[in-house]
file protein.pdb (PDB, C-alpha atoms)
ATOM      1  CA  MET A   1     139.057 138.996-100.796  1.00  0.00           C
ATOM      2  CA  LEU A   2     137.728 138.310-104.300  1.00  0.00           C
ATOM      3  CA  VAL A   3     135.516 135.271-104.657  1.00  0.00           C
ATOM      4  CA  ASN A   4     135.456 133.367-107.918  1.00  0.00           C
ATOM      5  CA  PRO A   5     131.802 133.430-109.013  1.00  0.00           C
ATOM      6  CA  ILE A   6     132.250 130.113-110.848  1.00  0.00           C
ATOM      7  CA  PRO A   7     132.719 127.071-108.594  1.00  0.00           C
ATOM      8  CA  PRO A   8     136.108 125.375-109.063  1.00  0.00           C
ATOM      9  CA  LEU A   9     134.404 122.112-110.036  1.00  0.00           C
ATOM     10  CA  VAL A  10     132.715 123.840-112.970  1.00  0.00           C
ATOM     11  CA  SER A  11     136.036 125.212-114.221  1.00  0.00           C
ATOM     12  CA  LYS A  12     137.793 121.874-113.796  1.00  0.00           C
ATOM     13  CA  LEU A  13     135.081 119.967-115.647  1.00  0.00           C
ATOM     14  CA  ALA A  14     134.991 122.567-118.403  1.00  0.00           C
ATOM     15  CA  TYR A  15     138.728 122.463-119.009  1.00  0.00           C
ATOM     16  CA  ALA A  16     138.778 118.661-118.740  1.00  0.00           C
ATOM     17  CA  GLY A  17     136.396 118.693-121.687  1.00  0.00           C
ATOM     18  CA  LEU A  18     139.313 119.842-123.830  1.00  0.00           C
ATOM     19  CA  ILE A  19     141.251 116.608-123.258  1.00  0.00           C
ATOM     20  CA  PRO A  20     139.436 114.674-126.018  1.00  0.00           C
ATOM     21  CA  PHE A  21     139.765 117.595-128.442  1.00  0.00           C
ATOM     22  CA  ILE A  22     143.509 117.907-127.901  1.00  0.00           C
ATOM     23  CA  GLY A  23     144.236 114.196-127.623  1.00  0.00           C
ATOM     24  CA  LEU A  24     142.227 113.193-130.671  1.00  0.00           C
ATOM     25  CA  ALA A  25     143.589 116.046-132.806  1.00  0.00           C
ATOM     26  CA  LEU A  26     147.109 114.903-131.957  1.00  0.00           C
ATOM     27  CA  MET A  27     146.195 111.319-132.810  1.00  0.00           C
ATOM     28  CA  VAL A  28     144.799 112.396-136.171  1.00  0.00           C
ATOM     29  CA  GLN A  29     148.226 113.822-136.961  1.00  0.00           C
ATOM     30  CA  LEU A  30     150.544 111.368-135.223  1.00  0.00           C
ATOM     31  CA  ALA A  31     148.852 107.968-135.037  1.00  0.00           C
ATOM     32  CA  PRO A  32     149.430 105.366-137.735  1.00  0.00           C
ATOM     33  CA  THR A  33     146.703 104.415-140.186  1.00  0.00           C
ATOM     34  CA  PRO A  34     143.945 103.301-139.479  1.00  0.00           C
ATOM     35  CA  LEU A  35     144.079 104.714-135.927  1.00  0.00           C
ATOM     36  CA  ASN A  36     144.399 108.248-137.305  1.00  0.00           C
ATOM     37  CA  TYR A  37     141.143 107.825-139.242  1.00  0.00           C
ATOM     38  CA  LEU A  38     139.365 106.342-136.240  1.00  0.00           C
ATOM     39  CA  SER A  39     140.602 109.309-134.216  1.00  0.00           C
ATOM     40  CA  ALA A  40     139.165 111.710-136.807  1.00  0.00           C
ATOM     41  CA  GLU A  41     135.793 109.975-136.607  1.00  0.00           C
ATOM     42  CA  SER A  42     135.900 110.095-132.822  1.00  0.00           C
ATOM     43  CA  LEU A  43     136.878 113.775-132.861  1.00  0.00           C
ATOM     44  CA  ALA A  44     133.947 114.554-135.169  1.00  0.00           C
ATOM     45  CA  GLY A  45     131.616 112.673-132.833  1.00  0.00           C
ATOM     46  CA  TYR A  46     132.910 114.457-129.755  1.00  0.00           C
ATOM     47  CA  GLY A  47     132.768 117.813-131.523  1.00  0.00           C
ATOM     48  CA  ALA A  48     129.149 117.129-132.470  1.00  0.00           C
ATOM     49  CA  VAL A  49     128.252 116.216-128.895  1.00  0.00           C
ATOM     50  CA  ILE A  50     129.829 119.393-127.504  1.00  0.00           C
ATOM     51  CA  THR A  51     128.266 121.561-130.210  1.00  0.00           C
ATOM     52  CA  SER A  52     124.862 120.085-129.352  1.00  0.00           C
ATOM     53  CA  PHE A  53     125.491 120.530-125.638  1.00  0.00           C
ATOM     54  CA  MET A  54     126.311 124.207-126.072  1.00  0.00           C
ATOM     55  CA  GLY A  55     123.028 124.734-127.885  1.00  0.00           C
ATOM     56  CA  ALA A  56     121.119 122.806-125.243  1.00  0.00           C
ATOM     57  CA  LEU A  57     122.337 125.248-122.589  1.00  0.00           C
ATOM     58  CA  HIS A  58     119.693 127.653-123.897  1.00  0.00           C
ATOM     59  CA  TRP A  59     116.928 125.154-123.276  1.00  0.00           C
ATOM     60  CA  GLY A  60     118.234 124.433-119.797  1.00  0.00           C
ATOM     61  CA  ALA A  61     118.472 128.116-118.981  1.00  0.00           C
ATOM     62  CA  ASN A  62     114.910 128.750-120.137  1.00  0.00           C
ATOM     63  CA  LEU A  63     113.199 125.795-118.476  1.00  0.00           C
ATOM     64  CA  HIS A  64     112.253 127.928-115.484  1.00  0.00           C
ATOM     65  CA  HIS A  65     110.011 129.995-117.800  1.00  0.00           C
ATOM     66  CA  LEU A  66     107.830 127.014-118.764  1.00  0.00           C
ATOM     67  CA  GLY A  67     104.293 127.231-117.444  1.00  0.00           C
ATOM     68  CA  LYS A  68     104.578 130.970-116.910  1.00  0.00           C
ATOM     69  CA  ALA A  69     103.196 133.809-118.967  1.00  0.00           C
ATOM     70  CA  PRO A  70     105.562 135.032-121.712  1.00  0.00           C
ATOM     71  CA  ILE A  71     107.837 137.739-120.369  1.00  0.00           C
ATOM     72  CA  GLY A  72     107.577 139.795-123.539  1.00  0.00           C
ATOM     73  CA  ASP A  73     111.169 139.341-124.646  1.00  0.00           C
ATOM     74  CA  ARG A  74     111.533 137.719-128.071  1.00  0.00           C
ATOM     75  CA  TRP A  75     114.809 135.996-127.135  1.00  0.00           C
ATOM     76  CA  VAL A  76     113.456 134.285-124.018  1.00  0.00           C
ATOM     77  CA  ASP A  77     109.952 133.645-125.346  1.00  0.00           C
ATOM     78  CA  ARG A  78     110.916 132.286-128.764  1.00  0.00           C
ATOM     79  CA  ASN A  79     114.411 132.638-130.197  1.00  0.00           C
ATOM     80  CA  ALA A  80     116.348 130.877-127.428  1.00  0.00           C
ATOM     81  CA  TRP A  81     114.274 127.740-127.973  1.00  0.00           C
ATOM     82  CA  ILE A  82     114.948 127.821-131.717  1.00  0.00           C
ATOM     83  CA  TRP A  83     118.650 128.620-131.317  1.00  0.00           C
ATOM     84  CA  GLY A  84     118.948 125.817-128.767  1.00  0.00           C
ATOM     85  CA  VAL A  85     118.264 123.132-131.409  1.00  0.00           C
ATOM     86  CA  ILE A  86     120.072 124.604-134.426  1.00  0.00           C
ATOM     87  CA  PRO A  87     123.587 123.561-133.281  1.00  0.00           C
ATOM     88  CA  ALA A  88     122.409 119.963-132.783  1.00  0.00           C
ATOM     89  CA  LEU A  89     120.987 119.877-136.303  1.00  0.00           C
ATOM     90  CA  VAL A  90     124.165 121.346-137.789  1.00  0.00           C
ATOM     91  CA  ALA A  91     126.269 118.868-135.797  1.00  0.00           C
ATOM     92  CA  TRP A  92     124.152 115.965-137.024  1.00  0.00           C
ATOM     93  CA  VAL A  93     124.667 117.054-140.637  1.00  0.00           C
ATOM     94  CA  ALA A  94     128.415 117.470-140.005  1.00  0.00           C
ATOM     95  CA  LEU A  95     128.609 113.810-138.989  1.00  0.00           C
ATOM     96  CA  HIS A  96     127.234 112.670-142.330  1.00  0.00           C
ATOM     97  CA  ILE A  97     129.654 114.369-144.698  1.00  0.00           C
ATOM     98  CA  TYR A  98     133.337 114.075-145.545  1.00  0.00           C
ATOM     99  CA  ILE A  99     135.085 114.133-142.155  1.00  0.00           C
ATOM    100  CA  PRO A 100     137.446 117.098-142.654  1.00  0.00           C
ATOM    101  CA  VAL A 101     134.597 119.238-143.981  1.00  0.00           C
ATOM    102  CA  GLY A 102     132.455 118.138-141.045  1.00  0.00           C
ATOM    103  CA  LEU A 103     135.257 119.084-138.635  1.00  0.00           C
ATOM    104  CA  LEU A 104     135.442 122.554-140.173  1.00  0.00           C
ATOM    105  CA  ILE A 105     131.672 122.958-139.935  1.00  0.00           C
ATOM    106  CA  LEU A 106     131.791 121.984-136.252  1.00  0.00           C
ATOM    107  CA  ALA A 107     134.642 124.434-135.586  1.00  0.00           C
ATOM    108  CA  SER A 108     132.739 127.218-137.342  1.00  0.00           C
ATOM    109  CA  THR A 109     129.551 126.395-135.467  1.00  0.00           C
ATOM    110  CA  LEU A 110     131.342 126.587-132.115  1.00  0.00           C
ATOM    111  CA  ILE A 111     132.691 130.041-133.013  1.00  0.00           C
ATOM    112  CA  ILE A 112     129.295 131.242-134.245  1.00  0.00           C
ATOM    113  CA  GLN A 113     127.672 129.908-131.083  1.00  0.00           C
ATOM    114  CA  ARG A 114     130.172 131.764-128.937  1.00  0.00           C
ATOM    115  CA  ASN A 115     129.500 134.991-130.783  1.00  0.00           C
ATOM    116  CA  ILE A 116     125.740 134.672-130.380  1.00  0.00           C
ATOM    117  CA  ASP A 117     125.974 133.471-126.787  1.00  0.00           C
ATOM    118  CA  GLN A 118     128.190 136.377-125.797  1.00  0.00           C
ATOM    119  CA  SER A 119     125.223 138.698-126.227  1.00  0.00           C
ATOM    120  CA  THR A 120     122.479 136.301-125.126  1.00  0.00           C
ATOM    121  CA  TYR A 121     123.952 134.964-121.876  1.00  0.00           C
ATOM    122  CA  GLN A 122     122.929 138.265-120.292  1.00  0.00           C
ATOM    123  CA  TYR A 123     119.470 136.679-119.976  1.00  0.00           C
ATOM    124  CA  TYR A 124     120.767 133.747-117.931  1.00  0.00           C
ATOM    125  CA  PHE A 125     123.126 135.348-115.436  1.00  0.00           C
ATOM    126  CA  SER A 126     121.889 137.614-112.673  1.00  0.00           C
ATOM    127  CA  ASP A 127     125.471 138.438-111.677  1.00  0.00           C
ATOM    128  CA  GLU A 128     127.729 140.273-114.156  1.00  0.00           C
ATOM    129  CA  ALA A 129     130.903 138.908-112.527  1.00  0.00           C
ATOM    130  CA  ALA A 130     129.700 135.331-113.008  1.00  0.00           C
ATOM    131  CA  ARG A 131     128.750 136.004-116.643  1.00  0.00           C
ATOM    132  CA  SER A 132     132.089 137.636-117.335  1.00  0.00           C
ATOM    133  CA  THR A 133     134.052 134.822-115.693  1.00  0.00           C
ATOM    134  CA  PHE A 134     131.998 132.209-117.517  1.00  0.00           C
ATOM    135  CA  MET A 135     132.546 133.944-120.858  1.00  0.00           C
ATOM    136  CA  THR A 136     136.303 134.018-120.217  1.00  0.00           C
ATOM    137  CA  ILE A 137     136.244 130.258-119.723  1.00  0.00           C
ATOM    138  CA  ARG A 138     133.881 129.827-122.664  1.00  0.00           C
ATOM    139  CA  ASN A 139     136.161 131.850-124.961  1.00  0.00           C
ATOM    140  CA  ARG A 140     139.195 129.738-124.077  1.00  0.00           C
ATOM    141  CA  LEU A 141     137.305 126.477-124.490  1.00  0.00           C
ATOM    142  CA  THR A 142     135.739 127.520-127.770  1.00  0.00           C
ATOM    143  CA  TYR A 143     138.969 128.682-129.356  1.00  0.00           C
ATOM    144  CA  VAL A 144     140.954 125.601-128.301  1.00  0.00           C
ATOM    145  CA  ALA A 145     138.182 123.233-129.419  1.00  0.00           C
ATOM    146  CA  ALA A 146     137.760 125.041-132.751  1.00  0.00           C
ATOM    147  CA  ALA A 147     141.537 125.057-133.282  1.00  0.00           C
ATOM    148  CA  CYS A 148     141.733 121.305-132.639  1.00  0.00           C
ATOM    149  CA  LEU A 149     138.864 120.564-135.023  1.00  0.00           C
ATOM    150  CA  SER A 150     140.363 122.834-137.690  1.00  0.00           C
ATOM    151  CA  TRP A 151     143.876 121.444-137.251  1.00  0.00           C
ATOM    152  CA  ALA A 152     142.651 117.869-137.656  1.00  0.00           C
ATOM    153  CA  ALA A 153     140.810 118.871-140.834  1.00  0.00           C
ATOM    154  CA  ILE A 154     143.941 120.550-142.200  1.00  0.00           C
ATOM    155  CA  VAL A 155     146.035 117.499-141.376  1.00  0.00           C
ATOM    156  CA  ILE A 156     143.625 115.215-143.236  1.00  0.00           C
ATOM    157  CA  LEU A 157     143.238 117.524-146.229  1.00  0.00           C
ATOM    158  CA  PHE A 158     146.811 118.675-146.746  1.00  0.00           C
ATOM    159  CA  ILE A 159     149.330 116.747-144.684  1.00  0.00           C
ATOM    160  CA  GLN A 160     148.073 113.186-144.988  1.00  0.00           C
ATOM    161  CA  ALA A 161     146.732 113.659-148.507  1.00  0.00           C
TER     162      ALA A 161
END
call {"tool": "encode", "arguments": {"input": "protein.pdb", "output": "structure tokens"}}
result
Amino acid sequence: MLVNPIPPLVSKLAYAGLIPFIGLALMVQLAPTPLNYLSAESLAGYGAVITSFMGALHWGANLHHLGKAPIGDRWVDRNAWIWGVIPALVAWVALHIYIPVGLLILASTLIIQRNIDQSTYQYYFSDEAARSTFMTIRNRLTYVAAACLSWAAIVILFIQA
């Protein structure tokens, strides 16, 4: 019998995190003005929170190294800490520019994060099956979230223009 290395609660919470992306992207397209604009602002805010959260995972994963001698790996000793804050800074900037451009920046950042994390999560998982299962979930979440952010930007730029 195969055991899912990711607890069902983790999967359910992860996929539930797509509800605001999907719902708000639909409202950007379908809701009347001004609700569509409020939905775009809310989507940008939620996208920024999730982008920041994904970066913060690196800090959380490395906390157990604090107070210990460096392990001699540049990623764990230095780069993970730096990479952990970059998405939050990018997300903050994305909230202060023209909303559709900010949405596209957030979508791009989520994709870039996924690409970097695909090779760096090896440091955080001791079990390959768990890492692989997590990355499958992560890929789905990232692509749906990025598609929703991009779609809302396209709607604002070209459909509602």
call {"tool": "residues_around", "arguments": {"input": "protein.pdb", "residues": "segment 31-41 of chain A", "least_positions_apart": "3", "cutoff": "12 Å", "atoms": "all atoms listed in the file", "output": "NGL selection string"}}
result
:A and (20-28 or 44-48 or 94-104 or 148-157 or 160)
call {"tool": "resolve_selection", "arguments": {"input": "protein.pdb", "expression": "the PyMOL selection byres ((chain A and resi 86-90) around 7)", "output": "count of residues only"}}
result
12
call {"tool": "closest_residue", "arguments": {"input": "protein.pdb", "among": "A:Ala80, A:Ala145, A:Ile137, A:Leu57", "to": "Ile111 of chain A", "atoms": "all atoms listed in the file"}}
result
A:Ala145
call {"tool": "resolve_selection", "arguments": {"input": "protein.pdb", "expression": "the PyMOL selection byres ((chain A and resi 123) around 12)", "output": "ChimeraX atom specification"}}
result
/A:58,61-62,65,71,73-77,80,117-122,124-128,131
call {"tool": "write_last_selection", "arguments": {"input": "protein.pdb", "atoms": "C-alpha atoms", "output": "mmCIF file, keeping the file's coordinate frame"}}
result
data_model
loop_
_atom_site.group_PDB
_atom_site.id
_atom_site.type_symbol
_atom_site.label_atom_id
_atom_site.label_comp_id
_atom_site.auth_asym_id
_atom_site.auth_seq_id
_atom_site.Cartn_x
_atom_site.Cartn_y
_atom_site.Cartn_z
ATOM 1 C CA HIS A 58 119.693 127.653 -123.897
ATOM 2 C CA ALA A 61 118.472 128.116 -118.981
ATOM 3 C CA ASN A 62 114.910 128.750 -120.137
ATOM 4 C CA HIS A 65 110.011 129.995 -117.800
ATOM 5 C CA ILE A 71 107.837 137.739 -120.369
ATOM 6 C CA ASP A 73 111.169 139.341 -124.646
ATOM 7 C CA ARG A 74 111.533 137.719 -128.071
ATOM 8 C CA TRP A 75 114.809 135.996 -127.135
ATOM 9 C CA VAL A 76 113.456 134.285 -124.018
ATOM 10 C CA ASP A 77 109.952 133.645 -125.346
ATOM 11 C CA ALA A 80 116.348 130.877 -127.428
ATOM 12 C CA ASP A 117 125.974 133.471 -126.787
ATOM 13 C CA GLN A 118 128.190 136.377 -125.797
ATOM 14 C CA SER A 119 125.223 138.698 -126.227
ATOM 15 C CA THR A 120 122.479 136.301 -125.126
ATOM 16 C CA TYR A 121 123.952 134.964 -121.876
ATOM 17 C CA GLN A 122 122.929 138.265 -120.292
ATOM 18 C CA TYR A 124 120.767 133.747 -117.931
ATOM 19 C CA PHE A 125 123.126 135.348 -115.436
ATOM 20 C CA SER A 126 121.889 137.614 -112.673
ATOM 21 C CA ASP A 127 125.471 138.438 -111.677
ATOM 22 C CA GLU A 128 127.729 140.273 -114.156
ATOM 23 C CA ARG A 131 128.750 136.004 -116.643
#
call {"tool": "resolve_selection", "arguments": {"input": "protein.pdb", "expression": "the PyMOL selection byres ((chain A and resi 5) around 12)", "output": "list in words"}}
result
Leu2, Val3, Asn4, Ile6, Pro7, Pro8, Leu9, Val10, Ser11, Phe125, Ser126, Asp127, Glu128, Ala129, Ala130, Arg131, Ser132, Thr133, Phe134 and Met135 of chain A
call {"tool": "closest_residue", "arguments": {"input": "protein.pdb", "among": "A:Leu66, A:Leu106, A:Leu18, A:Val49", "to": "Val144 of chain A", "atoms": "only C-alpha atoms"}}
result
A:Leu18
call {"tool": "atom_distance", "arguments": {"input": "protein.pdb", "atom1": "atom CA of Leu63 of chain A", "atom2": "atom CA of Trp81 of chain A"}}
result
9.8 Å
call {"tool": "axis_aligned_box", "arguments": {"input": "protein.pdb", "around": "segment 92-111 of chain A", "padding_each_side": "6 Å", "output": "lines of an AutoDock Vina configuration file"}}
result
center_x = 130.8
center_y = 121.4
center_z = -138.8
size_x = 25.3
size_y = 29.4
size_z = 25.4
call {"tool": "residues_around", "arguments": {"input": "protein.pdb", "residues": "Arg138 of chain A", "least_positions_apart": "5", "cutoff": "9 Å", "atoms": "all atoms listed in the file", "output": "PyMOL selection string"}}
result
chain A and resi 14+114+133+143
call {"tool": "atom_distance", "arguments": {"input": "protein.pdb", "atom1": "atom CA of Phe53 of chain A", "atom2": "atom CA of Gly17 of chain A"}}
result
11.7 Å
call {"tool": "atom_distance", "arguments": {"input": "protein.pdb", "atom1": "atom CA of Ile112 of chain A", "atom2": "atom CA of Thr136 of chain A"}}
result
15.9 Å
call {"tool": "decode", "arguments": {"input": "protein.pdb", "residues": "segment 123-134 of chain A", "atoms": "all heavy atoms", "output": "CSV table (one decimal), in the first residue's frame"}}
result
chain,number,residue,atom,x,y,z
A,123,TYR,N,17.3,20.6,-0.4
A,123,TYR,CA,18.0,20.8,0.9
A,123,TYR,C,17.0,20.7,2.1
A,123,TYR,O,17.4,20.6,3.2
A,123,TYR,CB,18.6,22.2,1.0
A,123,TYR,CG,19.7,22.4,0.0
A,123,TYR,CD1,19.5,23.0,-1.2
A,123,TYR,CD2,21.0,21.9,0.3
A,123,TYR,CE1,20.5,23.2,-2.1
A,123,TYR,CE2,22.0,22.1,-0.6
A,123,TYR,CZ,21.8,22.7,-1.8
A,123,TYR,OH,22.8,22.9,-2.7
A,124,TYR,N,15.7,20.7,1.8
A,124,TYR,CA,14.7,20.8,2.9
A,124,TYR,C,14.0,19.4,3.1
A,124,TYR,O,13.3,19.3,4.1
A,124,TYR,CB,13.7,21.9,2.6
A,124,TYR,CG,14.3,23.2,2.3
A,124,TYR,CD1,13.8,24.0,1.3
A,124,TYR,CD2,15.4,23.7,3.0
A,124,TYR,CE1,14.4,25.2,1.0
A,124,TYR,CE2,16.0,24.9,2.7
A,124,TYR,CZ,15.5,25.7,1.7
A,124,TYR,OH,16.1,26.9,1.4
A,125,PHE,N,14.0,18.6,2.1
A,125,PHE,CA,13.3,17.3,2.2
A,125,PHE,C,14.3,16.2,2.4
A,125,PHE,O,15.2,16.0,1.6
A,125,PHE,CB,12.5,17.0,1.0
A,125,PHE,CG,11.2,17.9,0.9
A,125,PHE,CD1,11.3,19.2,0.3
A,125,PHE,CD2,10.0,17.5,1.4
A,125,PHE,CE1,10.2,20.0,0.1
A,125,PHE,CE2,8.9,18.3,1.3
A,125,PHE,CZ,9.0,19.5,0.7
A,126,SER,N,14.1,15.4,3.4
A,126,SER,CA,15.0,14.2,3.6
A,126,SER,C,14.4,13.0,2.8
A,126,SER,O,15.1,12.0,2.6
A,126,SER,CB,15.1,13.8,5.1
A,126,SER,OG,13.8,13.6,5.6
A,127,ASP,N,13.2,13.1,2.4
A,127,ASP,CA,12.5,12.0,1.6
A,127,ASP,C,12.2,12.4,0.2
A,127,ASP,O,11.5,13.4,0.0
A,127,ASP,CB,11.2,11.6,2.4
A,127,ASP,CG,10.5,10.5,1.7
A,127,ASP,OD1,11.1,9.4,1.5
A,127,ASP,OD2,9.3,10.7,1.3
A,128,GLU,N,12.7,11.7,-0.8
A,128,GLU,CA,12.5,12.1,-2.2
A,128,GLU,C,11.1,12.0,-2.6
A,128,GLU,O,10.6,12.8,-3.4
A,128,GLU,CB,13.4,11.2,-3.1
A,128,GLU,CG,13.2,11.5,-4.6
A,128,GLU,CD,13.5,13.0,-4.9
A,128,GLU,OE1,14.3,13.6,-4.3
A,128,GLU,OE2,12.8,13.5,-5.9
A,129,ALA,N,10.3,11.0,-2.1
A,129,ALA,CA,8.9,10.9,-2.4
A,129,ALA,C,8.1,12.1,-1.9
A,129,ALA,O,7.3,12.6,-2.6
A,129,ALA,CB,8.3,9.6,-1.8
A,130,ALA,N,8.4,12.6,-0.7
A,130,ALA,CA,7.8,13.8,-0.2
A,130,ALA,C,8.1,15.0,-1.0
A,130,ALA,O,7.2,15.8,-1.4
A,130,ALA,CB,8.1,14.0,1.3
A,131,ARG,N,9.4,15.2,-1.4
A,131,ARG,CA,9.8,16.3,-2.2
A,131,ARG,C,9.1,16.3,-3.6
A,131,ARG,O,8.5,17.3,-4.1
A,131,ARG,CB,11.3,16.4,-2.4
A,131,ARG,CG,11.7,17.6,-3.1
A,131,ARG,CD,13.2,17.6,-3.4
A,131,ARG,NE,13.5,16.8,-4.6
A,131,ARG,CZ,13.3,17.1,-5.9
A,131,ARG,NH1,12.7,18.2,-6.2
A,131,ARG,NH2,13.6,16.2,-6.8
A,132,SER,N,9.0,15.1,-4.2
A,132,SER,CA,8.4,14.9,-5.5
A,132,SER,C,6.9,15.2,-5.4
A,132,SER,O,6.4,15.9,-6.3
A,132,SER,CB,8.7,13.5,-6.0
A,132,SER,OG,8.0,13.3,-7.2
A,133,THR,N,6.2,14.7,-4.4
A,133,THR,CA,4.8,14.9,-4.2
A,133,THR,C,4.5,16.4,-4.0
A,133,THR,O,3.6,17.0,-4.6
A,133,THR,CB,4.2,14.1,-3.1
A,133,THR,OG1,4.5,12.7,-3.4
A,133,THR,CG2,2.8,14.3,-2.9
A,134,PHE,N,5.4,17.0,-3.1
A,134,PHE,CA,5.2,18.4,-2.9
A,134,PHE,C,5.4,19.3,-4.1
A,134,PHE,O,4.6,20.2,-4.4
A,134,PHE,CB,6.2,18.9,-1.8
A,134,PHE,CG,6.0,20.3,-1.4
A,134,PHE,CD1,5.0,20.7,-0.5
A,134,PHE,CD2,6.8,21.3,-1.9
A,134,PHE,CE1,4.8,22.1,-0.2
A,134,PHE,CE2,6.6,22.7,-1.6
A,134,PHE,CZ,5.6,23.0,-0.7
